[in-house]
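K.L.:
Next comes my_file-v7.cif, mmCIF, C-alpha atoms and all ligand atoms:
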data_target
#
loop_
_atom_site.label_atom_id
_atom_site.label_comp_id
_atom_site.auth_asym_id
_atom_site.auth_seq_id
_atom_site.Cartn_x
_atom_site.Cartn_y
_atom_site.Cartn_z
CA MET O 58 -19.00 4.31 -18.32
CA THR O 59 -17.83 1.11 -16.74
CA GLU O 60 -19.20 -1.36 -19.25
CA GLY O 61 -20.77 -4.81 -18.80
CA TYR O 62 -18.79 -5.90 -15.77
CA PHE O 63 -20.73 -3.46 -13.59
CA ALA O 64 -24.39 -3.75 -14.57
CA TYR O 65 -27.77 -3.72 -12.85
CA LYS O 66 -29.57 -6.96 -12.14
CA ASP O 67 -33.04 -6.66 -10.61
CA ASN O 68 -32.33 -3.01 -9.71
CA VAL O 69 -29.09 -3.85 -7.91
CA LEU O 70 -25.73 -2.82 -9.32
CA MET O 71 -23.42 -5.82 -9.58
CA ALA O 72 -19.71 -6.38 -10.03
CA GLU O 73 -19.75 -9.47 -12.26
CA GLY O 74 -21.92 -11.86 -10.19
CA VAL O 75 -21.67 -10.06 -6.84
CA ALA O 76 -24.13 -7.44 -5.59
CA LEU O 77 -22.34 -4.24 -4.65
CA ASP O 78 -24.61 -3.51 -1.69
CA ALA O 79 -23.56 -6.82 -0.15
CA LEU O 80 -19.90 -5.85 -0.55
CA ALA O 81 -20.54 -2.39 0.91
CA LYS O 82 -22.21 -3.97 3.94
CA GLN O 83 -19.56 -6.62 4.41
CA TYR O 84 -16.46 -4.47 3.98
CA GLY O 85 -17.76 -0.98 4.71
CA THR O 86 -17.36 2.14 2.60
CA PRO O 87 -15.52 3.86 0.98
CA LEU O 88 -14.64 0.71 -0.91
CA TYR O 89 -12.95 0.09 -4.23
CA VAL O 90 -14.36 -2.88 -6.11
CA TYR O 91 -12.63 -4.33 -9.15
CA SER O 92 -13.67 -6.87 -11.75
CA LYS O 93 -11.01 -9.44 -12.50
CA ALA O 94 -12.65 -10.30 -15.82
CA ALA O 95 -12.54 -6.65 -16.87
CA PHE O 96 -8.80 -6.43 -16.19
CA LYS O 97 -8.16 -9.63 -18.12
CA ASP O 98 -10.38 -8.60 -21.00
CA HIS O 99 -8.83 -5.15 -21.38
CA LEU O 100 -5.30 -6.58 -21.36
CA ALA O 101 -6.34 -9.26 -23.82
CA GLN O 102 -7.65 -6.63 -26.22
CA TYR O 103 -4.10 -5.33 -26.53
CA MET O 104 -2.34 -8.68 -26.51
CA GLU O 105 -4.64 -10.42 -28.95
CA ALA O 106 -4.71 -7.53 -31.40
CA ALA O 107 -0.90 -7.36 -31.32
CA ALA O 108 -0.51 -11.13 -31.63
CA ARG O 109 -2.29 -11.02 -34.99
CA TYR O 110 0.60 -9.07 -36.46
CA GLU O 111 3.46 -10.95 -34.86
CA THR O 112 5.99 -12.72 -37.01
CA GLU O 113 9.37 -14.19 -36.22
CA LYS O 114 10.83 -10.73 -36.76
CA LEU O 115 8.04 -8.63 -35.33
CA ARG O 116 7.13 -9.08 -31.67
CA SER O 117 5.05 -7.21 -29.14
CA LEU O 118 5.09 -6.59 -25.42
CA VAL O 119 2.30 -4.95 -23.46
CA CYS O 120 3.68 -3.33 -20.32
CA TYR O 121 0.82 -2.41 -18.00
CA SER O 122 1.39 1.01 -16.46
CA VAL O 123 1.55 0.23 -12.75
CA LYS O 124 0.80 3.78 -11.64
CA SER O 125 -2.80 3.53 -12.81
CA ASN O 126 -3.65 0.81 -10.29
CA SER O 127 -0.85 -0.84 -8.39
CA ASN O 128 -2.51 -3.30 -6.01
CA ILE O 129 -0.38 -6.44 -6.08
CA ALA O 130 -3.42 -8.69 -6.56
CA ILE O 131 -4.17 -6.80 -9.78
CA LEU O 132 -0.54 -6.93 -10.90
CA ASN O 133 -0.58 -10.66 -10.20
CA VAL O 134 -3.66 -11.19 -12.39
CA LEU O 135 -2.01 -9.29 -15.24
CA ALA O 136 1.38 -10.97 -14.79
CA LYS O 137 -0.31 -14.36 -15.12
CA GLN O 138 -1.78 -13.23 -18.43
CA GLY O 139 1.74 -12.44 -19.66
CA ALA O 140 1.83 -8.68 -19.14
CA GLY O 141 5.03 -6.77 -18.74
CA PHE O 142 5.07 -3.68 -16.52
CA ASP O 143 5.82 0.00 -16.96
CA ILE O 144 7.11 1.41 -13.68
CA VAL O 145 8.14 4.87 -12.50
CA SER O 146 9.69 4.17 -9.10
CA GLY O 147 11.55 1.65 -7.01
CA GLY O 148 8.34 1.22 -5.03
CA GLU O 149 6.50 0.14 -8.16
CA LEU O 150 9.30 -2.31 -8.98
CA SER O 151 8.94 -3.83 -5.50
CA ARG O 152 5.21 -4.20 -6.11
CA VAL O 153 5.79 -5.96 -9.43
CA LEU O 154 8.23 -8.37 -7.79
CA ALA O 155 5.89 -8.99 -4.85
CA ALA O 156 3.12 -9.72 -7.35
CA GLY O 157 5.21 -12.36 -9.11
CA GLY O 158 5.90 -10.18 -12.16
CA ASN O 159 8.88 -10.93 -14.36
CA SER O 160 11.56 -8.25 -13.98
CA GLN O 161 12.77 -9.00 -17.49
CA LYS O 162 9.50 -7.56 -18.74
CA VAL O 163 9.82 -4.34 -16.75
CA ILE O 164 10.51 -0.97 -18.33
CA TYR O 165 11.32 1.97 -16.15
CA SER O 166 10.29 5.54 -17.07
CA GLY O 167 10.44 8.79 -15.12
CA VAL O 168 12.49 11.98 -15.10
CA GLY O 169 13.87 11.63 -11.58
CA LYS O 170 15.15 8.11 -10.97
CA THR O 171 17.30 8.17 -7.85
CA GLN O 172 20.60 6.36 -7.45
CA GLY O 173 18.98 3.86 -5.10
CA GLU O 174 16.20 3.19 -7.58
CA ILE O 175 18.64 2.72 -10.47
CA LYS O 176 20.62 0.26 -8.38
CA LEU O 177 17.51 -1.70 -7.44
CA ALA O 178 16.44 -1.91 -11.08
CA LEU O 179 19.89 -3.11 -12.16
CA GLN O 180 19.98 -5.68 -9.36
CA HIS O 181 16.73 -7.14 -10.63
CA GLY O 182 17.75 -7.11 -14.28
CA ILE O 183 14.90 -5.07 -15.73
CA LEU O 184 14.29 -5.07 -19.47
CA CYS O 185 14.98 -1.39 -20.08
CA PHE O 186 15.46 2.06 -18.59
CA ASN O 187 13.53 4.71 -20.47
CA VAL O 188 16.08 7.45 -20.01
CA GLU O 189 14.81 11.01 -19.87
CA SER O 190 18.01 13.11 -19.77
CA VAL O 191 21.70 12.93 -20.57
CA SER O 192 22.49 13.45 -16.87
CA GLU O 193 20.40 10.41 -16.02
CA LEU O 194 22.18 8.40 -18.72
CA LYS O 195 25.55 9.24 -17.19
CA MET O 196 24.31 8.32 -13.73
CA ILE O 197 23.03 4.94 -14.97
CA ASP O 198 26.33 4.32 -16.72
CA ARG O 199 28.28 5.08 -13.56
CA ILE O 200 26.14 2.91 -11.28
CA ALA O 201 26.09 0.02 -13.77
CA GLY O 202 29.90 0.26 -13.95
CA GLU O 203 30.16 0.06 -10.16
CA MET O 204 27.93 -2.99 -10.18
CA GLY O 205 29.78 -4.65 -13.05
CA LYS O 206 26.66 -4.60 -15.20
CA LYS O 207 25.58 -3.27 -18.56
CA ALA O 208 22.39 -1.22 -18.33
CA PRO O 209 19.85 -1.65 -21.13
CA VAL O 210 18.46 1.73 -22.20
CA SER O 211 16.06 3.52 -24.51
CA PHE O 212 15.69 7.23 -24.68
CA ARG O 213 12.28 8.66 -24.07
CA VAL O 214 11.87 11.02 -26.99
CA ASN O 215 9.76 14.11 -26.63
CA PRO O 216 8.25 14.28 -30.12
CA ASN O 217 6.60 17.68 -29.64
CA VAL O 218 3.18 16.35 -30.59
CA ASP O 219 0.02 17.82 -29.11
CA ALA O 220 -1.94 15.03 -27.45
CA LYS O 221 -4.94 17.39 -27.13
CA THR O 222 -5.77 16.21 -23.64
CA HIS O 223 -5.89 17.81 -20.18
CA PRO O 224 -2.74 19.94 -19.75
CA TYR O 225 -1.79 18.11 -16.53
CA ILE O 226 -1.71 14.77 -18.35
CA SER O 227 -0.16 15.93 -21.62
CA THR O 228 3.50 15.00 -21.70
CA GLY O 229 4.79 15.13 -25.28
CA LEU O 230 5.10 18.87 -25.88
CA LYS O 231 8.32 20.86 -25.90
CA LYS O 232 7.25 22.76 -22.81
CA ASN O 233 6.78 19.54 -20.75
CA LYS O 234 9.48 18.16 -18.47
CA PHE O 235 9.46 14.74 -20.10
CA GLY O 236 11.89 13.05 -22.45
CA ILE O 237 14.80 14.21 -24.57
CA PRO O 238 14.03 17.11 -26.94
CA PHE O 239 13.53 15.80 -30.45
CA GLU O 240 16.50 17.71 -31.88
CA GLU O 241 18.88 16.29 -29.27
CA VAL O 242 17.96 12.64 -29.60
CA ILE O 243 20.56 11.66 -32.20
CA SER O 244 23.44 13.13 -30.25
CA ALA O 245 22.16 11.53 -27.02
CA TYR O 246 22.22 8.11 -28.73
CA GLY O 247 25.72 8.88 -30.00
CA LEU O 248 26.84 9.51 -26.45
CA ALA O 249 25.03 6.43 -25.12
CA THR O 250 26.76 4.10 -27.57
CA SER O 251 30.12 5.47 -26.45
CA LEU O 252 29.49 4.60 -22.79
CA GLU O 253 30.98 1.37 -21.59
CA ASN O 254 28.22 0.25 -19.23
CA ILE O 255 25.26 1.09 -21.43
CA ALA O 256 23.54 -1.17 -23.95
CA VAL O 257 21.36 0.88 -26.28
CA ILE O 258 18.36 -1.29 -27.13
CA GLY O 259 15.32 0.79 -27.98
CA ILE O 260 13.43 4.03 -28.28
CA ASP O 261 10.41 5.23 -26.36
CA CYS O 262 7.83 7.98 -26.25
CA HIS O 263 4.68 8.77 -24.32
CA ILE O 264 2.75 11.89 -25.24
CA GLY O 265 -0.12 11.98 -22.78
CA SER O 266 -3.08 10.25 -21.26
CA GLN O 267 -6.82 9.96 -21.98
CA LEU O 268 -6.34 10.40 -25.74
CA LEU O 269 -9.59 9.65 -27.54
CA ASP O 270 -8.10 9.83 -30.99
CA ASP O 271 -4.97 7.89 -31.96
CA ALA O 272 -3.85 10.39 -34.61
CA PRO O 273 -1.37 12.15 -32.27
CA LEU O 274 0.05 8.77 -31.23
CA LEU O 275 0.51 7.75 -34.85
CA GLU O 276 2.10 11.10 -35.61
CA ALA O 277 4.53 10.50 -32.74
CA LEU O 278 5.19 6.99 -34.07
CA ASP O 279 6.08 8.41 -37.51
CA LYS O 280 8.53 10.78 -35.88
CA VAL O 281 10.06 7.97 -33.83
CA ILE O 282 10.40 5.70 -36.87
CA ASN O 283 12.12 8.53 -38.67
CA LEU O 284 14.61 8.76 -35.81
CA VAL O 285 15.18 5.01 -35.88
CA ASN O 286 16.12 5.32 -39.56
CA GLN O 287 18.47 8.20 -38.87
CA LEU O 288 20.10 6.17 -36.10
CA SER O 289 20.43 3.15 -38.39
CA GLY O 290 22.26 5.39 -40.83
CA LYS O 291 24.77 6.04 -38.06
CA GLY O 292 25.16 2.35 -37.33
CA ILE O 293 22.93 2.37 -34.21
CA GLN O 294 20.42 -0.48 -34.48
CA LEU O 295 17.47 -0.53 -32.11
CA ASN O 296 15.47 -3.59 -31.16
CA HIS O 297 12.31 -2.06 -29.84
CA ILE O 298 9.94 0.83 -30.33
CA ASP O 299 7.84 1.74 -27.31
CA ILE O 300 4.89 3.95 -28.14
CA GLY O 301 3.79 4.54 -24.53
CA GLY O 302 0.32 4.51 -23.07
CA GLY O 303 -2.45 6.97 -23.47
CA ILE O 304 -5.59 5.49 -25.03
CA GLY O 305 -8.56 7.04 -23.29
CA ILE O 306 -11.71 5.49 -21.89
CA THR O 307 -15.39 6.36 -21.69
CA TYR O 308 -16.20 8.17 -18.47
CA ASP O 309 -19.34 9.86 -19.77
CA ASP O 310 -20.04 9.90 -23.49
CA GLU O 311 -16.49 9.96 -24.88
CA LYS O 312 -15.87 7.67 -27.81
CA PRO O 313 -12.25 6.58 -27.67
CA VAL O 314 -10.64 4.77 -30.57
CA ALA O 315 -11.04 1.00 -30.27
CA ILE O 316 -7.86 -0.60 -28.92
CA GLN O 317 -7.88 -3.16 -31.72
CA ASP O 318 -8.02 -0.41 -34.37
CA TYR O 319 -5.23 1.53 -32.75
CA ILE O 320 -3.00 -1.55 -32.45
CA SER O 321 -3.73 -2.47 -36.01
CA ARG O 322 -2.73 1.00 -37.27
CA VAL O 323 0.49 0.91 -35.22
CA PHE O 324 1.50 -2.49 -36.60
CA THR O 325 0.57 -1.56 -40.14
CA LYS O 326 2.99 1.35 -39.92
CA VAL O 327 5.75 -0.59 -38.22
CA LYS O 328 5.43 -3.51 -40.60
CA ALA O 329 5.54 -1.29 -43.68
CA TRP O 330 8.66 0.36 -42.32
CA GLN O 331 10.31 -2.90 -41.28
CA ASP O 332 9.67 -4.55 -44.66
CA VAL O 333 11.57 -1.75 -46.39
CA TYR O 334 14.26 -0.77 -43.93
CA CYS O 335 15.15 -3.73 -41.76
CA PRO O 336 13.46 -6.97 -42.86
CA ASP O 337 16.11 -9.04 -41.10
CA ARG O 338 16.16 -7.31 -37.74
CA GLN O 339 13.87 -8.50 -34.96
CA VAL O 340 11.83 -5.55 -33.72
CA THR O 341 9.52 -5.52 -30.72
CA VAL O 342 6.67 -3.03 -30.50
CA MET O 343 5.87 -2.08 -26.93
CA PHE O 344 2.87 -0.41 -25.34
CA GLU O 345 2.43 1.06 -21.86
CA PRO O 346 -1.33 1.19 -21.30
CA GLY O 347 -2.68 2.03 -17.88
CA ARG O 348 -6.09 3.66 -17.85
CA SER O 349 -7.49 1.64 -20.76
CA ILE O 350 -6.83 -1.53 -18.75
CA SER O 351 -7.74 -0.45 -15.22
CA GLY O 352 -10.10 2.53 -15.57
CA ASN O 353 -13.31 0.74 -16.39
CA ALA O 354 -12.37 -2.29 -14.31
CA GLY O 355 -13.23 -0.63 -11.01
CA VAL O 356 -15.74 1.47 -9.09
CA LEU O 357 -15.60 3.33 -5.81
CA LEU O 358 -18.49 2.79 -3.42
CA GLY O 359 -19.54 5.42 -0.91
CA GLN O 360 -22.55 5.84 1.33
CA VAL O 361 -24.74 8.93 1.55
CA GLN O 362 -24.35 10.24 5.09
CA TYR O 363 -26.44 13.39 4.94
CA ILE O 364 -28.48 15.30 2.45
CA LYS O 365 -28.69 19.02 2.88
CA SER O 366 -29.71 22.07 0.95
CA ASN O 367 -27.76 25.34 1.16
CA SER O 368 -29.53 28.29 -0.46
CA GLY O 369 -31.47 26.01 -2.75
CA LYS O 370 -28.48 23.87 -3.78
CA ASN O 371 -28.65 20.22 -2.82
CA PHE O 372 -25.63 18.47 -1.42
CA ALA O 373 -25.32 14.75 -0.89
CA ILE O 374 -22.51 14.25 1.58
CA VAL O 375 -20.90 10.85 1.18
CA ASP O 376 -18.22 9.05 3.17
CA ALA O 377 -15.88 8.95 0.16
CA ALA O 378 -13.86 12.08 -0.53
CA MET O 379 -11.17 13.74 -2.58
CA ASN O 380 -8.55 11.76 -0.67
CA ASP O 381 -10.13 8.56 -2.05
CA LEU O 382 -10.75 9.79 -5.58
CA MET O 383 -8.75 12.86 -6.39
CA ARG O 384 -9.54 13.15 -10.08
CA PRO O 385 -12.58 15.45 -9.86
CA SER O 386 -10.76 17.94 -7.57
CA LEU O 387 -7.51 17.80 -9.47
CA TYR O 388 -8.61 17.63 -13.10
CA ASP O 389 -12.26 18.62 -12.92
CA ALA O 390 -12.80 15.03 -14.04
CA TYR O 391 -16.20 13.46 -14.61
CA HIS O 392 -17.09 10.14 -12.99
CA GLY O 393 -20.51 8.65 -13.50
CA VAL O 394 -22.53 8.16 -10.31
CA LYS O 395 -25.07 5.38 -9.90
CA PRO O 396 -27.17 4.39 -6.94
CA VAL O 397 -26.21 0.84 -5.97
CA ILE O 398 -29.88 0.01 -5.49
CA ILE O 399 -32.41 1.74 -7.71
CA ARG O 400 -35.05 3.12 -5.37
CA HIS O 401 -38.29 4.85 -6.03
CA VAL O 402 -37.64 8.03 -4.08
CA SER O 403 -37.97 11.47 -5.54
CA ALA O 404 -35.11 12.63 -7.73
CA GLY O 405 -33.16 15.79 -7.11
CA ASN O 406 -30.20 17.63 -8.54
CA TYR O 407 -27.15 17.07 -6.37
CA GLU O 408 -23.57 18.03 -5.87
CA ILE O 409 -21.90 15.02 -4.31
CA VAL O 410 -19.26 15.99 -1.82
CA GLY O 411 -17.05 14.38 0.79
CA PRO O 412 -16.45 15.34 4.42
CA ILE O 413 -13.04 16.97 3.83
CA CYS O 414 -12.65 20.59 4.87
CA GLU O 415 -12.17 22.07 1.41
CA SER O 416 -14.66 23.31 -1.14
CA GLY O 417 -12.58 21.39 -3.67
CA ASP O 418 -13.74 18.18 -2.03
CA TRP O 419 -16.38 17.18 -4.52
CA LEU O 420 -16.84 13.98 -6.49
CA ALA O 421 -19.64 14.91 -8.88
CA ARG O 422 -21.64 18.00 -9.75
CA ASP O 423 -25.03 18.73 -11.16
CA ARG O 424 -26.32 15.14 -11.08
CA GLU O 425 -29.93 14.11 -11.24
CA LEU O 426 -30.30 11.28 -8.74
CA ALA O 427 -33.07 9.52 -6.85
CA ILE O 428 -31.29 8.96 -3.55
CA ALA O 429 -31.81 9.16 0.19
CA GLU O 430 -29.58 9.18 3.27
CA GLY O 431 -28.03 5.78 3.86
CA ASP O 432 -27.97 4.83 0.16
CA TYR O 433 -24.83 3.46 -1.40
CA LEU O 434 -23.49 5.19 -4.50
CA ALA O 435 -21.05 3.85 -7.06
CA PHE O 436 -18.53 6.21 -8.62
CA MET O 437 -17.89 4.62 -11.96
CA SER O 438 -14.70 4.24 -14.01
CA ALA O 439 -12.60 4.61 -10.87
CA GLY O 440 -10.20 1.71 -11.42
CA ALA O 441 -7.43 3.94 -12.81
CA TYR O 442 -5.74 6.71 -10.84
CA GLY O 443 -8.24 6.24 -8.03
CA MET O 444 -6.72 4.22 -5.21
CA SER O 445 -3.22 4.75 -6.62
CA MET O 446 -3.59 8.51 -6.05
CA ALA O 447 -5.39 8.24 -2.71
CA SER O 448 -3.97 10.02 0.32
CA ASN O 449 -4.53 10.23 4.05
CA TYR O 450 -5.55 13.89 4.01
CA ASN O 451 -7.67 14.83 7.03
CA THR O 452 -6.24 11.67 8.62
CA ARG O 453 -8.64 9.50 6.71
CA GLY O 454 -7.62 5.88 6.36
CA ARG O 455 -7.45 4.79 2.76
CA ALA O 456 -10.31 2.66 1.44
CA ALA O 457 -10.34 -1.10 1.34
CA GLU O 458 -10.10 -2.85 -2.05
CA VAL O 459 -12.01 -5.93 -3.17
CA LEU O 460 -11.47 -8.02 -6.28
CA VAL O 461 -14.49 -9.81 -7.70
CA ASP O 462 -14.08 -12.96 -9.74
CA GLY O 463 -17.41 -14.31 -10.99
CA ASP O 464 -19.55 -14.80 -7.89
CA LYS O 465 -16.61 -14.65 -5.47
CA ASP O 466 -15.02 -11.65 -3.82
CA TYR O 467 -11.62 -11.23 -2.22
CA LEU O 468 -10.36 -8.50 0.07
CA ILE O 469 -7.12 -7.46 -1.63
CA ARG O 470 -6.31 -4.57 0.67
CA ARG O 471 -7.82 -4.04 4.09
CA ARG O 472 -9.08 -0.67 5.19
CA GLU O 473 -6.52 1.52 6.95
CA VAL O 474 -7.38 2.10 10.60
CA SER O 475 -6.31 4.85 13.01
CA ASP O 476 -3.33 2.86 14.27
CA ASP O 477 -2.00 2.53 10.71
CA LEU O 478 -2.19 6.26 10.26
CA ILE O 479 0.07 7.10 13.20
CA ALA O 480 2.23 3.99 13.15
CA LEU O 481 5.20 5.71 11.52
CA GLU O 482 5.19 8.78 13.76
CA THR O 483 7.06 9.44 17.00
CA ILE O 484 6.58 11.98 19.76
CA VAL O 485 9.78 13.76 20.74
CA ALA O 486 10.42 13.34 24.47
N1 LIG L 1 3.68 5.54 -19.69
C1 LIG L 1 4.12 6.68 -19.12
C2 LIG L 1 5.52 7.05 -19.25
C3 LIG L 1 3.21 7.50 -18.43
O1 LIG L 1 3.63 8.64 -17.91
C4 LIG L 1 1.85 7.11 -18.33
C5 LIG L 1 0.88 7.94 -17.60
C6 LIG L 1 1.46 5.89 -18.91
C7 LIG L 1 2.41 5.13 -19.60
C8 LIG L 1 0.05 5.38 -18.83
O2 LIG L 1 -0.82 6.20 -19.51
P1 LIG L 1 -2.36 5.77 -19.66
O3 LIG L 1 -2.43 4.58 -20.58
O4 LIG L 1 -2.88 5.47 -18.32
O5 LIG L 1 -3.00 6.98 -20.26
N2 LIG L 1 -3.49 10.85 -12.96
C9 LIG L 1 -3.97 11.18 -14.29
C10 LIG L 1 -3.24 10.42 -15.37
C11 LIG L 1 -1.73 10.63 -15.34
C12 LIG L 1 -1.03 9.85 -16.42
C13 LIG L 1 0.43 9.89 -16.21
N3 LIG L 1 1.20 9.06 -17.10
C14 LIG L 1 -5.48 10.96 -14.33
O6 LIG L 1 -6.05 10.57 -13.34
O7 LIG L 1 -6.10 11.22 -15.34
#
Can the structure in the file be given as structure tokens, please?
P.N.:
Amino acid sequence: MTEGYFAYKDNVLMAEGVALDALAKQYGTPLYVYSKAAFKDHLAQYMEAAARYETEKLRSLVCYSVKSNSNIAILNVLAKQGAGFDIVSGGELSRVLAAGGNSQKVIYSGVGKTQGEIKLALQHGILCFNVESVSELKMIDRIAGEMGKKAPVSFRVNPNVDAKTHPYISTGLKKNKFGIPFEEVISAYGLATSLENIAVIGIDCHIGSQLLDDAPLLEALDKVINLVNQLSGKGIQLNHIDIGGGIGITYDDEKPVAIQDYISRVFTKVKAWQDVYCPDRQVTVMFEPGRSISGNAGVLLGQVQYIKSNSGKNFAIVDAAMNDLMRPSLYDAYHGVKPVIIRHVSAGNYEIVGPICESGDWLARDRELAIAEGDYLAFMSAGAYGMSMASNYNTRGRAAEVLVDGDKDYLIRRREVSDDLIALETIVA
């Protein structure tokens, strides 16, 4: 559940010091509402835990995974706290730049970087490409050569570790499309060091998302450290180890590992290895968290339009839908649902659905709620992969987004209107 930043006060659900019903009335629904303090706090949990282990030779960089929530106001808040950014497209790079992020703290992952995107990233001098295939490496080398630049790269290693999460968001198994197969990593580094326009600087992995236990991440880290040693033996010295994102959050009653504990276990391993194998080399440990920073920093508000009962099953039809929050339809994901104002009406068991013409358009199932038509509902833990995965399906304008800071609120993205939705289209004469 979305912890303290979204709590009831006198029977009204608040975002920090602002009542959510007031925001729903002012800006309309569906509406995403974020807590600035939650974003800052979640990032700080990583940065402060890592800072405890830093020495002159051991550094850290937390690169927020932009895909989880990419509003530039959010990126700006995190940039000001010192975050780096993990991007997967040229579009995300443009967002980071527009938000005032530092391109030298940007790492770029993804299996399908286009030539245009590689060029853009080189123009802006990003920190590192996380390269996912030998073909991509050759492409980066060629483009960097044409631009008279040296491209900094890591390989994204596929460690073949089971993240034990939803199959759609598991990425570190042999059968997944991501990264370089474990057995081919050494030869890929050999090739990379022979290329004129490539600077080999690190190693990366990311095994999946919504991991509640850090054991698979630590297993992947062991495998990566082992590779770093093998590479050292071949004279290839790396400056950073990027362990990816993936720490899960509480949506319902999950108990994810505490970020501080996870960070502490990562650094304990890296430090023990560094002390023995490379006490004189400066090594940076990097993280790419997304969900654990943004997920419980936001809610989606919707309003009950109609209540109906079909063959004894109760449906609450809200004005938010699968195009606003795709996770239930796509992953069968659970999001808590809370009435914005606690009312003393009779409770019923509801499936909460949107107006989209698909049976897959549901947001929550089998929920006991005391609600009536016109009530506002909050879909909790919606800050990650909510708005960033929203679409215009059924020609629905995407929701507005509001950032709350204490007792103030700011519209950080206006609601899309009909004109926006057809603005890019042309009728053929
Ligand atoms: N780094 C890379 C290379 C990634 O692919 C991802 C997420 C992350 C970092 C951030 O992972 P996180 O800390 O958020 O777990 N749409 C899905 C999640 C997809 C995750 C994709 N990769 C969902 O709504 O559950």
K.L.:
Using all atoms listed in the file, tabulate the residues of region 124-144 of chain O lying at most 10 Å from any atom of region 447-467 of chain O, each with its closest atom pair and that distance in Å to one decimal, by chain and increasing residue number, as CSV.
P.N.:
residue,atom,partner,partner_atom,distance
O:Asn128,CA,O:Glu458,CA,8.6
O:Ala130,CA,O:Leu460,CA,8.1
O:Ile131,CA,O:Leu460,CA,8.2
K.L.:
Gln180 (chain O): which residues within 9 Å, counting only C-alpha atoms, same-chain residues fewer than 4 positions away excluded, as a tab-separated table (two decimals) with C-alpha atoms, in the coordinates of the input?
P.N.:
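Result file follows (result21.tsv):
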chain	number	residue	atom	x	y	z
O	175	ILE	CA	18.64	2.72	-10.47
O	176	LYS	CA	20.62	0.26	-8.38
O	204	MET	CA	27.93	-2.99	-10.18
O	206	LYS	CA	26.66	-4.60	-15.20
K.L.:
Could you pull out the residues sitting within 7 Å of ligand LIG 1 (chain L), using all atoms listed in the file, and write them as an mmCIF file with C-alpha atoms, in the coordinates of the input?
P.N.:
data_model
loop_
_atom_site.group_PDB
_atom_site.id
_atom_site.type_symbol
_atom_site.label_atom_id
_atom_site.label_comp_id
_atom_site.auth_asym_id
_atom_site.auth_seq_id
_atom_site.Cartn_x
_atom_site.Cartn_y
_atom_site.Cartn_z
ATOM 1 C CA SER O 122 1.390 1.010 -16.460
ATOM 2 C CA SER O 125 -2.800 3.530 -12.810
ATOM 3 C CA ASP O 143 5.820 0.000 -16.960
ATOM 4 C CA SER O 166 10.290 5.540 -17.070
ATOM 5 C CA GLY O 167 10.440 8.790 -15.120
ATOM 6 C CA ILE O 226 -1.710 14.770 -18.350
ATOM 7 C CA HIS O 263 4.680 8.770 -24.320
ATOM 8 C CA GLY O 265 -0.120 11.980 -22.780
ATOM 9 C CA SER O 266 -3.080 10.250 -21.260
ATOM 10 C CA GLN O 267 -6.820 9.960 -21.980
ATOM 11 C CA GLY O 301 3.790 4.540 -24.530
ATOM 12 C CA GLY O 302 0.320 4.510 -23.070
ATOM 13 C CA GLY O 303 -2.450 6.970 -23.470
ATOM 14 C CA ILE O 304 -5.590 5.490 -25.030
ATOM 15 C CA GLY O 305 -8.560 7.040 -23.290
ATOM 16 C CA GLU O 345 2.430 1.060 -21.860
ATOM 17 C CA PRO O 346 -1.330 1.190 -21.300
ATOM 18 C CA GLY O 347 -2.680 2.030 -17.880
ATOM 19 C CA ARG O 348 -6.090 3.660 -17.850
ATOM 20 C CA SER O 349 -7.490 1.640 -20.760
ATOM 21 C CA ARG O 384 -9.540 13.150 -10.080
ATOM 22 C CA ALA O 441 -7.430 3.940 -12.810
ATOM 23 C CA TYR O 442 -5.740 6.710 -10.840
#
K.L.:
Skip Ile144 (chain O) itself and residues of its chain fewer than 3 positions away, then list as a list in words all residues within 10 Å of it, counting all atoms listed in the file.
P.N.:
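Close residues of Ile144 (chain O): Cys120, Tyr121, Ser122, Val123, Lys124, Ser127, Gly141, Gly147, Gly148, Glu149, Leu150, Ser151, Arg152, Val153, Val163, Ile164, Tyr165, Ser166, Gly167, Phe186, Asn187 and Glu345 of chain O.
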K.L.:
Just the selected residues (C-alpha atoms), exported as a PDB file, keeping the file's coordinate frame, please.
P.N.:
ATOM      1  CA  CYS O 120       3.680  -3.330 -20.320  1.00  0.00           C
ATOM      2  CA  TYR O 121       0.820  -2.410 -18.000  1.00  0.00           C
ATOM      3  CA  SER O 122       1.390   1.010 -16.460  1.00  0.00           C
ATOM      4  CA  VAL O 123       1.550   0.230 -12.750  1.00  0.00           C
ATOM      5  CA  LYS O 124       0.800   3.780 -11.640  1.00  0.00           C
ATOM      6  CA  SER O 127      -0.850  -0.840  -8.390  1.00  0.00           C
ATOM      7  CA  GLY O 141       5.030  -6.770 -18.740  1.00  0.00           C
ATOM      8  CA  GLY O 147      11.550   1.650  -7.010  1.00  0.00           C
ATOM      9  CA  GLY O 148       8.340   1.220  -5.030  1.00  0.00           C
ATOM     10  CA  GLU O 149       6.500   0.140  -8.160  1.00  0.00           C
ATOM     11  CA  LEU O 150       9.300  -2.310  -8.980  1.00  0.00           C
ATOM     12  CA  SER O 151       8.940  -3.830  -5.500  1.00  0.00           C
ATOM     13  CA  ARG O 152       5.210  -4.200  -6.110  1.00  0.00           C
ATOM     14  CA  VAL O 153       5.790  -5.960  -9.430  1.00  0.00           C
ATOM     15  CA  VAL O 163       9.820  -4.340 -16.750  1.00  0.00           C
ATOM     16  CA  ILE O 164      10.510  -0.970 -18.330  1.00  0.00           C
ATOM     17  CA  TYR O 165      11.320   1.970 -16.150  1.00  0.00           C
ATOM     18  CA  SER O 166      10.290   5.540 -17.070  1.00  0.00           C
ATOM     19  CA  GLY O 167      10.440   8.790 -15.120  1.00  0.00           C
ATOM     20  CA  PHE O 186      15.460   2.060 -18.590  1.00  0.00           C
ATOM     21  CA  ASN O 187      13.530   4.710 -20.470  1.00  0.00           C
ATOM     22  CA  GLU O 345       2.430   1.060 -21.860  1.00  0.00           C
TER      23      GLU O 345
END
